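Participant: The following block contains the structure, expressed as structure tokens.
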Amino acid sequence: MSATSARPSHAAQPSGGAFILKKALISALVALVLFSLMIGVRTEAGPQGGLIYWTRFGDLAALVATVFGGSIIVELLRQWWGPIDKDSLVPKPVQSAMSFAGRWLAPALLVFAFLVPVIFYDQRYILDLSILVLTYVMLGWGLNVVVGLAGLLDLGYVAFYAVGAYSYALLATNFGLSFWVCLPLAGILAAFWGVLLGFPVLRLRGDYLAIVTLAFGEIIRLVIINWQSLTGGPNGVSGIPRPTMFGIPLDNSDSGLAARLGIEFSPTHRLVFLFYLILAMALLTNWVTIRLRRLPIGRAWEALREDEVACRALGINTTTTKLTAFATGAMFGGFAGAFFATRQGFISPESFTFQESALVLAIVVLGGMGSQLGVALAALTMIGGFELFRGLDQYRMLVFGIAMVLLMIWRPRGLIGHRAPTVFLERNQAISSDLVKEGHG
Amino acid sequence: MSGDPILTVDRLMMRFGGIIAVNELSFTAERRKITALIGPNGAGKTTVFNCITGFYRPSGGAIRLAHDDGRTIQLERLNDFRIAKQAKVARTFQNIRLFPGMTALENLMVAQHNALMRASGLTVLGLLGLPSWREAERRAIDLARAWLDRVGLLDRADDAAGNLPYGDQRRLEIARAMCTEPALLCLDEPAAGLNARESGGLNELLLSIRNEQGTSILLIEHDMSVVMEISDHVVVMDYGVKIAEGTPQAVRDDPKVIAAYLGADEEEAIAVMESGT
């Protein structure tokens, strides 16, 4: 949207004091009705079991007054800022500062990620948290292929995470295969299940696709719970071997890494190793995705998101294109699952609920569909931010929810909403998010 | 009618439930010629197009495509994407269907998907970044650049397709179809919404595609200035059947055609009669 078209609509909005007052009054009235029972009257069970209640009209009045005042402030702020989604109102120096930050943010984050174990060597909690964040970064990047690039809404992504985790857990505990053998196997198996899911949903779009993928995720979880003889059912699989550094175990035995290097053993060694392992896996995911985007298959995914009919008219086999998207996304999910199993040493169906799918999908949507940097930032915000609010106790979810809503109002197409072209002749200019389609299945 | 047909439509039938949209339609499109399919609104022109390009499966009849190398392909047996991939039939849409969030250049790169897929060894060689792939990609960009130049959009190559003006989007869609290197180019109302100057430019573009690339063109058009000026052969449809065919001159003077247009839409009939006189 250009500045010329933004200004008149802004000026056309009613902006007088009467308008603001009216809006604030309505808000206050709504608050009064809403809170009159919730805040105004307090009920409790009395000592004899009877209901006792007392009124708190003072609190109610204070709350309504707050809403009234807050509404006026919000309205004044809105007029001062102008319409929130008009980026043309952002002054030039701010824009250039933002693009500068955008150019340096990714390398800075990468350098920081490499240094995390050095900086926080003594803080086990932070190391654990960063491993968790990186796992979700990897899952987000994996799902980004399906949702962000190909535009196929997948609500059952956790199924592939589970397939990867159980593949490693069962192969390692039953056949004694090492992590490095199981990792590709877990990826292949997950990709296979991705194709299997892909086949029935090829003809579905949008909401229908989302529901079937949701069901698929639940089916996998239910099979794991009920196939007791293989998966141990709800008890899960325990005693999953820890990863070795190419054959050298990271424990305090004589053949362990610490003994071989002649240094004192510390459990942090394994944590640091796990950190670099997931960092390497996540970066591999990122590298492959970035390469794929510039290959015909990646462009076909994005074209599929933009217009499926046009794709077919150009001779693109939409069936194989969709299946490869599902398989690629599932494969990365499988890798992450194998990592999860070896990190935890114990897995059970409880780790693979729909909530995980929703969380990963939220990361992709919040990050800005299709943007690699956006997904990484979103994973950091979602997982890290959630931990940050731990001190707020019972208000944690509330504050987190409000933060998410505000973020989506501020950036409706995710943190990084614009799309970078895969090939250019002269100018590598980003494409505004209002042109890029979200895909409809 | 003599010569060398590239497309032969033989007793094509298309039924939707009880409605017969196309009824035993037969016509041919000559190789390296421009064939226009005209008719009043609702005559079934786009349905014929959708049958030829595989978006509909015909209820009956045959559609044969004869390639330069002598192969004959039965189009009614192929899926939509195979028609574009194997039979080399490219199409554009009545309401433009570009990839709006991709740049003009990317749109043309997507069009070369099948050739690039082969060159990238089904992604494997491309992922490794082998020189053969890089070379193929460079050639694909050159082809796209050449077509952008042909349609006068070279300076907009890195702009999002959705940001281009309407007329440019029409031309870009034709360029995109041509990047698939088709034997037969099917254009569904390419001049719709263009002003007189733009449709003049379109005429030149289509003639140059016919003369330089040797691509046969089949087009649906309402704009009579386009039809009369560039068509080598005109087929007129009404209510799903062919009512006339011949040279633009012959069709224009055909009383059946005039009656069909008069019955349907007075303005169009007048346009038919007045254009070129």
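Residues in the structure tokens are numbered from 1 in each chain, the chains being A, B, ... in the order shown, and ligands are numbered from 1 in the order shown.
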Should the cut-off be 9 Å, what would the residue list for chain A against chain B look like, counting only C-alpha atoms, as a tab-separated table (two decimals) with N, CA and C atoms, in the first residue's frame?

Facilitator:
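Contents of selection-v1.tsv, as written:
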chain	number	residue	atom	x	y	z
A	288	VAL	N	19.37	-27.33	3.42
A	288	VAL	CA	18.66	-28.10	2.40
A	288	VAL	C	17.44	-27.33	1.92
A	291	ARG	N	18.42	-24.47	-0.33
A	291	ARG	CA	18.81	-24.99	-1.65
A	291	ARG	C	17.58	-25.42	-2.44
A	292	LEU	N	16.69	-26.15	-1.76
A	292	LEU	CA	15.51	-26.68	-2.45
A	292	LEU	C	14.66	-25.55	-3.02
A	295	LEU	N	15.71	-24.67	-6.36
A	295	LEU	CA	15.64	-25.73	-7.36
A	295	LEU	C	14.22	-25.80	-7.92
A	296	PRO	N	14.06	-26.45	-9.08
A	296	PRO	CA	12.70	-26.50	-9.66
A	296	PRO	C	11.65	-27.05	-8.70
A	297	ILE	N	12.04	-28.02	-7.88
A	297	ILE	CA	11.03	-28.61	-6.98
A	297	ILE	C	10.54	-27.58	-5.97
A	299	ARG	N	10.54	-24.30	-6.34
A	299	ARG	CA	9.72	-23.29	-7.02
A	299	ARG	C	8.34	-23.87	-7.31
A	300	ALA	N	8.31	-25.18	-7.63
A	300	ALA	CA	7.01	-25.81	-7.89
A	300	ALA	C	6.18	-25.81	-6.61
A	302	GLU	N	6.24	-23.57	-4.22
A	302	GLU	CA	5.71	-22.22	-4.01
A	302	GLU	C	4.64	-21.89	-5.05
A	303	ALA	N	4.85	-22.36	-6.27
A	303	ALA	CA	3.85	-22.13	-7.32
A	303	ALA	C	2.55	-22.83	-6.96
A	304	LEU	N	2.69	-24.01	-6.36
A	304	LEU	CA	1.52	-24.77	-5.93
A	304	LEU	C	0.73	-23.99	-4.89
A	305	ARG	N	1.45	-23.33	-3.98
A	305	ARG	CA	0.81	-22.51	-2.97
A	305	ARG	C	0.08	-21.33	-3.63
A	306	GLU	N	0.69	-20.81	-4.70
A	306	GLU	CA	0.11	-19.63	-5.34
A	306	GLU	C	-1.10	-19.99	-6.19
A	307	ASP	N	-0.99	-21.01	-7.02
A	307	ASP	CA	-2.10	-21.35	-7.91
A	307	ASP	C	-1.91	-22.76	-8.45
A	309	VAL	N	-4.05	-24.66	-10.22
A	309	VAL	CA	-4.55	-24.86	-11.58
A	309	VAL	C	-3.49	-24.41	-12.60
A	310	ALA	N	-2.89	-23.25	-12.34
A	310	ALA	CA	-1.85	-22.76	-13.25
A	310	ALA	C	-0.68	-23.73	-13.29
A	311	CYS	N	-0.36	-24.34	-12.15
A	311	CYS	CA	0.72	-25.33	-12.11
A	311	CYS	C	0.44	-26.47	-13.08
A	312	ARG	N	-0.79	-26.95	-13.03
A	312	ARG	CA	-1.12	-28.09	-13.89
A	312	ARG	C	-1.08	-27.67	-15.35
A	313	ALA	N	-1.51	-26.44	-15.62
A	313	ALA	CA	-1.49	-25.97	-17.01
A	313	ALA	C	-0.06	-25.85	-17.53
A	314	LEU	N	0.91	-25.75	-16.62
A	314	LEU	CA	2.31	-25.64	-17.04
A	314	LEU	C	2.99	-27.00	-17.06
A	315	GLY	N	2.22	-28.07	-16.86
A	315	GLY	CA	2.80	-29.40	-16.96
A	315	GLY	C	3.47	-29.88	-15.69
A	316	ILE	N	3.17	-29.24	-14.55
A	316	ILE	CA	3.76	-29.69	-13.29
A	316	ILE	C	2.87	-30.77	-12.70
A	317	ASN	N	3.49	-31.89	-12.36
A	317	ASN	CA	2.74	-32.98	-11.75
A	317	ASN	C	2.47	-32.61	-10.30
A	318	THR	N	1.25	-32.17	-10.02
A	318	THR	CA	0.97	-31.66	-8.68
A	318	THR	C	0.97	-32.79	-7.65
A	419	ARG	N	8.39	-12.03	1.24
A	419	ARG	CA	8.98	-13.21	0.65
A	419	ARG	C	10.19	-12.79	-0.17
A	420	ALA	N	11.29	-13.51	-0.01
A	420	ALA	CA	12.49	-13.22	-0.79
A	420	ALA	C	12.44	-14.03	-2.08
A	421	PRO	N	12.67	-13.39	-3.24
A	421	PRO	CA	12.61	-14.15	-4.49
A	421	PRO	C	13.76	-15.17	-4.56
A	422	THR	N	13.53	-16.27	-5.30
A	422	THR	CA	14.53	-17.32	-5.39
A	422	THR	C	15.56	-17.03	-6.47
A	423	VAL	N	15.23	-16.14	-7.38
A	423	VAL	CA	16.14	-15.83	-8.48
A	423	VAL	C	15.85	-14.41	-8.92
A	424	PHE	N	16.86	-13.68	-9.34
A	424	PHE	CA	16.61	-12.31	-9.77
A	424	PHE	C	17.62	-11.92	-10.86
A	425	LEU	N	17.24	-10.93	-11.65
A	425	LEU	CA	18.13	-10.45	-12.70
A	425	LEU	C	18.97	-9.28	-12.20
A	426	GLU	N	18.28	-8.24	-11.69
A	426	GLU	CA	18.98	-7.03	-11.29
A	426	GLU	C	18.86	-6.76	-9.79
A	427	ARG	N	17.60	-6.72	-9.32
A	427	ARG	CA	17.36	-6.29	-7.95
A	427	ARG	C	16.76	-7.44	-7.14
A	428	ASN	N	17.39	-7.72	-6.01
A	428	ASN	CA	16.87	-8.75	-5.12
A	428	ASN	C	15.92	-8.10	-4.14
A	429	GLN	N	14.70	-7.80	-4.57
A	429	GLN	CA	13.79	-7.08	-3.69
A	429	GLN	C	12.72	-8.01	-3.13
A	430	ALA	N	12.42	-7.81	-1.85
A	430	ALA	CA	11.44	-8.64	-1.16
A	430	ALA	C	10.05	-8.36	-1.71
A	431	ILE	N	9.22	-9.38	-1.66
A	431	ILE	CA	7.85	-9.26	-2.15
A	431	ILE	C	6.93	-9.07	-0.97
A	432	SER	N	6.10	-8.04	-1.04
A	432	SER	CA	5.20	-7.70	0.06
A	432	SER	C	4.25	-8.85	0.37
A	433	SER	N	3.94	-9.00	1.66
A	433	SER	CA	3.17	-10.16	2.09
A	433	SER	C	1.75	-10.15	1.54
A	434	ASP	N	1.20	-8.97	1.20
A	434	ASP	CA	-0.18	-9.02	0.74
A	434	ASP	C	-0.33	-9.57	-0.67
A	435	LEU	N	0.79	-9.80	-1.37
A	435	LEU	CA	0.70	-10.46	-2.67
A	435	LEU	C	0.86	-11.97	-2.55
A	436	VAL	N	1.63	-12.38	-1.55
A	436	VAL	CA	1.93	-13.81	-1.42
A	436	VAL	C	0.72	-14.53	-0.84
A	437	LYS	N	0.37	-15.63	-1.49
A	437	LYS	CA	-0.78	-16.40	-1.03
A	437	LYS	C	-0.39	-17.29	0.15

Participant: Neighbouring residues of range 188-194 of chain A were defined as those with any atom within 12 Å, considering only C-alpha atoms; residues of the same chain fewer than 3 positions away were excluded. Please report them as a PyMOL selection string.

Facilitator: chain A and resi 142-143+146+154+156-168+171+181-185+197-202+213+216-217+220+322-338

Participant: Let me see the file: selected residues, C-alpha atoms, as a compact mmCIF listing (two decimals), in the first residue's frame.

Facilitator:
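This is the output file selection.txt:
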# COMPACT_ATOMS: atom_id res chain seq x y z
CA GLY A 142 10.69 -28.94 8.66
CA LEU A 143 7.02 -27.98 8.82
CA VAL A 146 4.89 -28.24 3.97
CA ASP A 154 -0.67 -29.92 8.18
CA GLY A 156 -0.56 -33.70 12.30
CA TYR A 157 3.11 -32.93 12.04
CA VAL A 158 3.82 -34.45 15.43
CA ALA A 159 3.08 -37.88 13.89
CA PHE A 160 6.36 -37.75 11.98
CA TYR A 161 8.19 -36.56 15.08
CA ALA A 162 6.76 -39.62 16.86
CA VAL A 163 7.67 -41.95 13.99
CA GLY A 164 11.25 -40.70 14.10
CA ALA A 165 11.48 -40.98 17.88
CA TYR A 166 10.01 -44.48 18.01
CA SER A 167 12.08 -45.63 15.03
CA TYR A 168 15.27 -44.77 16.85
CA LEU A 171 15.77 -49.99 16.56
CA VAL A 181 22.73 -45.63 11.70
CA CYS A 182 19.27 -44.96 13.05
CA LEU A 183 19.21 -41.25 12.24
CA PRO A 184 18.90 -41.69 8.45
CA LEU A 185 16.59 -44.67 8.99
CA LEU A 197 -0.35 -39.57 4.59
CA GLY A 198 0.04 -37.62 1.35
CA PHE A 199 -1.79 -40.11 -0.84
CA PRO A 200 -5.28 -39.93 0.66
CA VAL A 201 -5.15 -36.16 1.14
CA LEU A 202 -3.99 -35.26 -2.36
CA THR A 213 -3.88 -34.48 8.89
CA PHE A 216 -3.58 -38.82 11.07
CA GLY A 217 -1.56 -37.40 13.96
CA ILE A 220 -0.34 -42.55 15.02
CA LYS A 322 2.69 -32.43 -3.01
CA LEU A 323 4.04 -35.82 -2.00
CA THR A 324 7.65 -34.61 -2.09
CA ALA A 325 6.67 -31.67 0.11
CA PHE A 326 5.03 -34.00 2.62
CA ALA A 327 7.97 -36.41 2.48
CA THR A 328 10.62 -33.71 2.89
CA GLY A 329 8.84 -32.09 5.81
CA ALA A 330 8.22 -35.47 7.43
CA MET A 331 11.85 -36.49 7.00
CA PHE A 332 13.09 -33.47 8.97
CA GLY A 333 10.44 -34.22 11.60
CA GLY A 334 11.78 -37.78 11.78
CA PHE A 335 15.35 -36.55 12.29
CA ALA A 336 14.19 -34.28 15.08
CA GLY A 337 12.26 -37.17 16.61
CA ALA A 338 15.33 -39.41 16.67

Participant: So that I can see what lies close to range 202-212 of chain B, please list as a count of residues only the residues with an atom at most 9 Å from it, counting only C-alpha atoms and leaving out residues fewer than 5 positions away in the same chain.

Facilitator: 14

Participant: Would you please extract all alpha helix (DSSP H) residues from range 112-308 of chain A, as assigned by DSSP on the backbone, and give them as a ChimeraX atom specification?

Facilitator: /A:112-119,124-143,158-175,179-201,206-226,228-231,257-261,268-293,296-306,308

Participant: What would the file look like if the residues just selected were written as a compact mmCIF listing (two decimals), in the first residue's frame with C-alpha atoms?

Facilitator:
# COMPACT_ATOMS: atom_id res chain seq x y z
CA PHE A 112 25.50 -16.44 19.11
CA ALA A 113 24.11 -19.98 18.72
CA PHE A 114 27.64 -21.34 18.26
CA LEU A 115 28.81 -19.51 21.37
CA VAL A 116 25.93 -20.51 23.66
CA PRO A 117 27.71 -23.54 25.21
CA VAL A 118 30.82 -21.41 25.76
CA ILE A 119 28.96 -18.54 27.41
CA ARG A 124 22.63 -26.35 32.82
CA TYR A 125 19.17 -24.83 32.68
CA ILE A 126 20.05 -22.50 29.83
CA LEU A 127 21.80 -25.26 27.91
CA ASP A 128 18.75 -27.50 28.28
CA LEU A 129 16.50 -24.69 27.19
CA SER A 130 18.61 -23.88 24.14
CA ILE A 131 18.55 -27.53 23.08
CA LEU A 132 14.77 -27.43 23.38
CA VAL A 133 14.57 -24.19 21.37
CA LEU A 134 16.79 -25.64 18.65
CA THR A 135 14.64 -28.78 18.48
CA TYR A 136 11.63 -26.60 17.83
CA VAL A 137 13.59 -24.49 15.34
CA MET A 138 14.31 -27.67 13.43
CA LEU A 139 10.70 -28.87 13.65
CA GLY A 140 9.54 -25.42 12.53
CA TRP A 141 11.89 -25.46 9.56
CA GLY A 142 10.69 -28.94 8.66
CA LEU A 143 7.02 -27.98 8.82
CA VAL A 158 3.82 -34.45 15.43
CA ALA A 159 3.08 -37.88 13.89
CA PHE A 160 6.36 -37.75 11.98
CA TYR A 161 8.19 -36.56 15.08
CA ALA A 162 6.76 -39.62 16.86
CA VAL A 163 7.67 -41.95 13.99
CA GLY A 164 11.25 -40.70 14.10
CA ALA A 165 11.48 -40.98 17.88
CA TYR A 166 10.01 -44.48 18.01
CA SER A 167 12.08 -45.63 15.03
CA TYR A 168 15.27 -44.77 16.85
CA ALA A 169 14.04 -45.99 20.23
CA LEU A 170 12.88 -49.38 18.95
CA LEU A 171 15.77 -49.99 16.56
CA ALA A 172 18.30 -49.06 19.22
CA THR A 173 16.77 -51.02 22.11
CA ASN A 174 15.83 -54.11 20.08
CA PHE A 175 18.68 -54.41 17.59
CA PHE A 179 22.34 -43.43 16.69
CA TRP A 180 24.21 -42.63 13.51
CA VAL A 181 22.73 -45.63 11.70
CA CYS A 182 19.27 -44.96 13.05
CA LEU A 183 19.21 -41.25 12.24
CA PRO A 184 18.90 -41.69 8.45
CA LEU A 185 16.59 -44.67 8.99
CA ALA A 186 14.30 -42.57 11.19
CA GLY A 187 14.26 -39.87 8.49
CA ILE A 188 13.46 -42.39 5.75
CA LEU A 189 10.71 -44.04 7.78
CA ALA A 190 9.14 -40.69 8.61
CA ALA A 191 9.33 -39.65 4.95
CA PHE A 192 7.64 -42.93 4.03
CA TRP A 193 4.81 -42.16 6.44
CA GLY A 194 4.69 -38.67 5.01
CA VAL A 195 4.03 -40.11 1.55
CA LEU A 196 1.49 -42.49 3.04
CA LEU A 197 -0.35 -39.57 4.59
CA GLY A 198 0.04 -37.62 1.35
CA PHE A 199 -1.79 -40.11 -0.84
CA PRO A 200 -5.28 -39.93 0.66
CA VAL A 201 -5.15 -36.16 1.14
CA GLY A 206 -7.83 -26.17 3.10
CA ASP A 207 -9.95 -27.08 6.11
CA TYR A 208 -10.53 -30.62 4.89
CA LEU A 209 -6.83 -31.26 4.55
CA ALA A 210 -6.23 -29.82 8.02
CA ILE A 211 -8.81 -32.13 9.59
CA VAL A 212 -7.47 -35.27 7.91
CA THR A 213 -3.88 -34.48 8.89
CA LEU A 214 -5.11 -33.81 12.43
CA ALA A 215 -6.74 -37.24 12.44
CA PHE A 216 -3.58 -38.82 11.07
CA GLY A 217 -1.56 -37.40 13.96
CA GLU A 218 -4.05 -38.82 16.44
CA ILE A 219 -4.10 -42.23 14.70
CA ILE A 220 -0.34 -42.55 15.02
CA ARG A 221 -0.53 -41.65 18.72
CA LEU A 222 -3.37 -44.11 19.37
CA VAL A 223 -1.54 -46.88 17.55
CA ILE A 224 1.52 -46.23 19.71
CA ILE A 225 -0.61 -46.35 22.88
CA ASN A 226 -2.43 -49.53 21.94
CA GLN A 228 1.64 -52.60 23.63
CA SER A 229 3.78 -55.52 22.48
CA LEU A 230 5.85 -53.31 20.20
CA THR A 231 5.84 -49.85 21.70
CA LEU A 257 35.54 -39.22 25.96
CA ALA A 258 36.61 -37.53 29.19
CA ALA A 259 38.96 -40.40 30.11
CA ARG A 260 40.46 -40.51 26.64
CA LEU A 261 41.13 -36.80 26.62
CA THR A 268 27.81 -31.05 30.81
CA HIS A 269 29.99 -32.62 28.10
CA ARG A 270 27.06 -34.60 26.88
CA LEU A 271 24.80 -31.58 27.01
CA VAL A 272 27.27 -29.56 24.95
CA PHE A 273 27.54 -32.42 22.48
CA LEU A 274 23.75 -32.66 22.20
CA PHE A 275 23.60 -28.91 21.68
CA TYR A 276 26.02 -28.96 18.77
CA LEU A 277 24.32 -32.06 17.38
CA ILE A 278 20.89 -30.43 17.20
CA LEU A 279 22.46 -27.19 15.97
CA ALA A 280 24.13 -29.11 13.12
CA MET A 281 20.91 -30.97 12.32
CA ALA A 282 18.87 -27.75 12.33
CA LEU A 283 21.41 -25.99 10.13
CA LEU A 284 21.38 -28.93 7.73
CA THR A 285 17.59 -28.62 7.54
CA ASN A 286 17.95 -24.93 6.87
CA TRP A 287 20.63 -25.41 4.23
CA VAL A 288 18.66 -28.10 2.40
CA THR A 289 15.48 -26.00 2.47
CA ILE A 290 17.27 -22.92 1.16
CA ARG A 291 18.81 -24.99 -1.65
CA LEU A 292 15.51 -26.68 -2.45
CA ARG A 293 13.76 -23.33 -2.77
CA PRO A 296 12.70 -26.50 -9.66
CA ILE A 297 11.03 -28.61 -6.98
CA GLY A 298 11.06 -25.75 -4.48
CA ARG A 299 9.72 -23.29 -7.02
CA ALA A 300 7.01 -25.81 -7.89
CA TRP A 301 6.07 -25.97 -4.17
CA GLU A 302 5.71 -22.22 -4.01
CA ALA A 303 3.85 -22.13 -7.32
CA LEU A 304 1.52 -24.77 -5.93
CA ARG A 305 0.81 -22.51 -2.97
CA GLU A 306 0.11 -19.63 -5.34
CA GLU A 308 -2.56 -25.08 -8.34

Participant: Which residues, written as a VMD selection string, have at least one atom at most 7 Å from range 57-60 of chain A, with only C-alpha atoms counted and residues fewer than 3 positions away on the same chain left out?

Facilitator: chain A and resid 35 to 36 39 to 40 63 to 64

Participant: I need the chosen residues saved as an mmCIF file, in the first residue's frame, with C-alpha atoms.

Facilitator:
data_model
loop_
_atom_site.group_PDB
_atom_site.id
_atom_site.type_symbol
_atom_site.label_atom_id
_atom_site.label_comp_id
_atom_site.auth_asym_id
_atom_site.auth_seq_id
_atom_site.Cartn_x
_atom_site.Cartn_y
_atom_site.Cartn_z
ATOM 1 C CA PHE A 35 -17.339 -7.657 35.315
ATOM 2 C CA SER A 36 -20.409 -6.818 37.444
ATOM 3 C CA ILE A 39 -15.659 -8.872 40.038
ATOM 4 C CA GLY A 40 -18.575 -7.070 41.653
ATOM 5 C CA LEU A 63 -11.796 -1.590 36.731
ATOM 6 C CA VAL A 64 -14.467 0.142 34.678
#

Participant: Could you work out how far CA of Phe16 in chain B lies from CA of Leu204 in chain A, giving the answer in Å with one decimal?

Facilitator: 22.6 Å

Participant: Pull the strand (DSSP E) assignments for range 67-259 of chain B out of DSSP run on the backbone, and list those residues as a list in words.

Facilitator: Thr72, Ile73, Gln74, Val89, Ala90, Arg91, Leu184, Leu185, Cys186, Leu187, Asp188, Ser216, Ile217, Leu218, Leu219, Ile220, His233, Val234, Val235, Val236, Met237, Asp238, Val241, Lys242, Ile243, Ala244, Glu245 and Gly246 of chain B

Participant: What's around range 244-246 of chain B at 6 Å? Count only C-alpha atoms, leave out sequence neighbours fewer than 4 positions away in its own chain, and write the answer as a list in words.

Facilitator: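 In the requested format, the answer is His233, Val234, Val235, Val236, Ala250 and Val251 of chain B.
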
Participant: Considering only C-alpha atoms, return as a PyMOL selection string whatever protein or nucleic-acid residues lie within 12 Å of Glu76 in chain B, sequence-local ones (same chain, fewer than 4 positions apart) excluded.

Facilitator: chain B and resi 8-10+12-14+48-65+80+82-83+87

Participant: Can you list, as a PDB file with N, CA and C atoms, in the first residue's frame, every protein, DNA or RNA residue that comes within 9 Å of Ala28 in chain A when you count only C-alpha atoms, leaving out same-chain residues fewer than 5 positions away?

Facilitator:
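The resulting file, result.pdb, is reproduced below:
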ATOM      1  N   LYS A  23     -16.618   6.015  22.100  1.00  0.00           N
ATOM      2  CA  LYS A  23     -16.005   4.688  22.036  1.00  0.00           C
ATOM      3  C   LYS A  23     -15.610   4.216  23.435  1.00  0.00           C
ATOM      4  N   VAL A  33     -20.871  -4.538  32.345  1.00  0.00           N
ATOM      5  CA  VAL A  33     -21.742  -5.714  32.242  1.00  0.00           C
ATOM      6  C   VAL A  33     -20.937  -6.987  32.494  1.00  0.00           C
ATOM      7  N   LEU A  63     -12.055  -0.873  37.982  1.00  0.00           N
ATOM      8  CA  LEU A  63     -11.796  -1.590  36.731  1.00  0.00           C
ATOM      9  C   LEU A  63     -12.467  -0.898  35.552  1.00  0.00           C
ATOM     10  N   VAL A  64     -13.735  -0.525  35.759  1.00  0.00           N
ATOM     11  CA  VAL A  64     -14.467   0.142  34.678  1.00  0.00           C
ATOM     12  C   VAL A  64     -13.782   1.463  34.337  1.00  0.00           C
ATOM     13  N   ALA A  65     -13.335   2.185  35.377  1.00  0.00           N
ATOM     14  CA  ALA A  65     -12.632   3.449  35.128  1.00  0.00           C
ATOM     15  C   ALA A  65     -11.352   3.193  34.345  1.00  0.00           C
ATOM     16  N   THR A  66     -10.656   2.113  34.689  1.00  0.00           N
ATOM     17  CA  THR A  66      -9.433   1.771  33.961  1.00  0.00           C
ATOM     18  C   THR A  66      -9.733   1.515  32.491  1.00  0.00           C
ATOM     19  N   VAL A  67     -10.794   0.749  32.239  1.00  0.00           N
ATOM     20  CA  VAL A  67     -11.165   0.453  30.851  1.00  0.00           C
ATOM     21  C   VAL A  67     -11.492   1.747  30.114  1.00  0.00           C
ATOM     22  N   PHE A  68     -12.229   2.643  30.792  1.00  0.00           N
ATOM     23  CA  PHE A  68     -12.609   3.909  30.176  1.00  0.00           C
ATOM     24  C   PHE A  68     -11.358   4.718  29.814  1.00  0.00           C
ATOM     25  N   GLY A  69     -10.476   4.860  30.800  1.00  0.00           N
ATOM     26  CA  GLY A  69      -9.252   5.628  30.557  1.00  0.00           C
ATOM     27  C   GLY A  69      -8.374   4.952  29.521  1.00  0.00           C
ATOM     28  N   SER A  71      -9.214   2.975  27.135  1.00  0.00           N
ATOM     29  CA  SER A  71      -9.796   3.076  25.802  1.00  0.00           C
ATOM     30  C   SER A  71      -9.450   4.423  25.171  1.00  0.00           C
TER      31      SER A  71
END
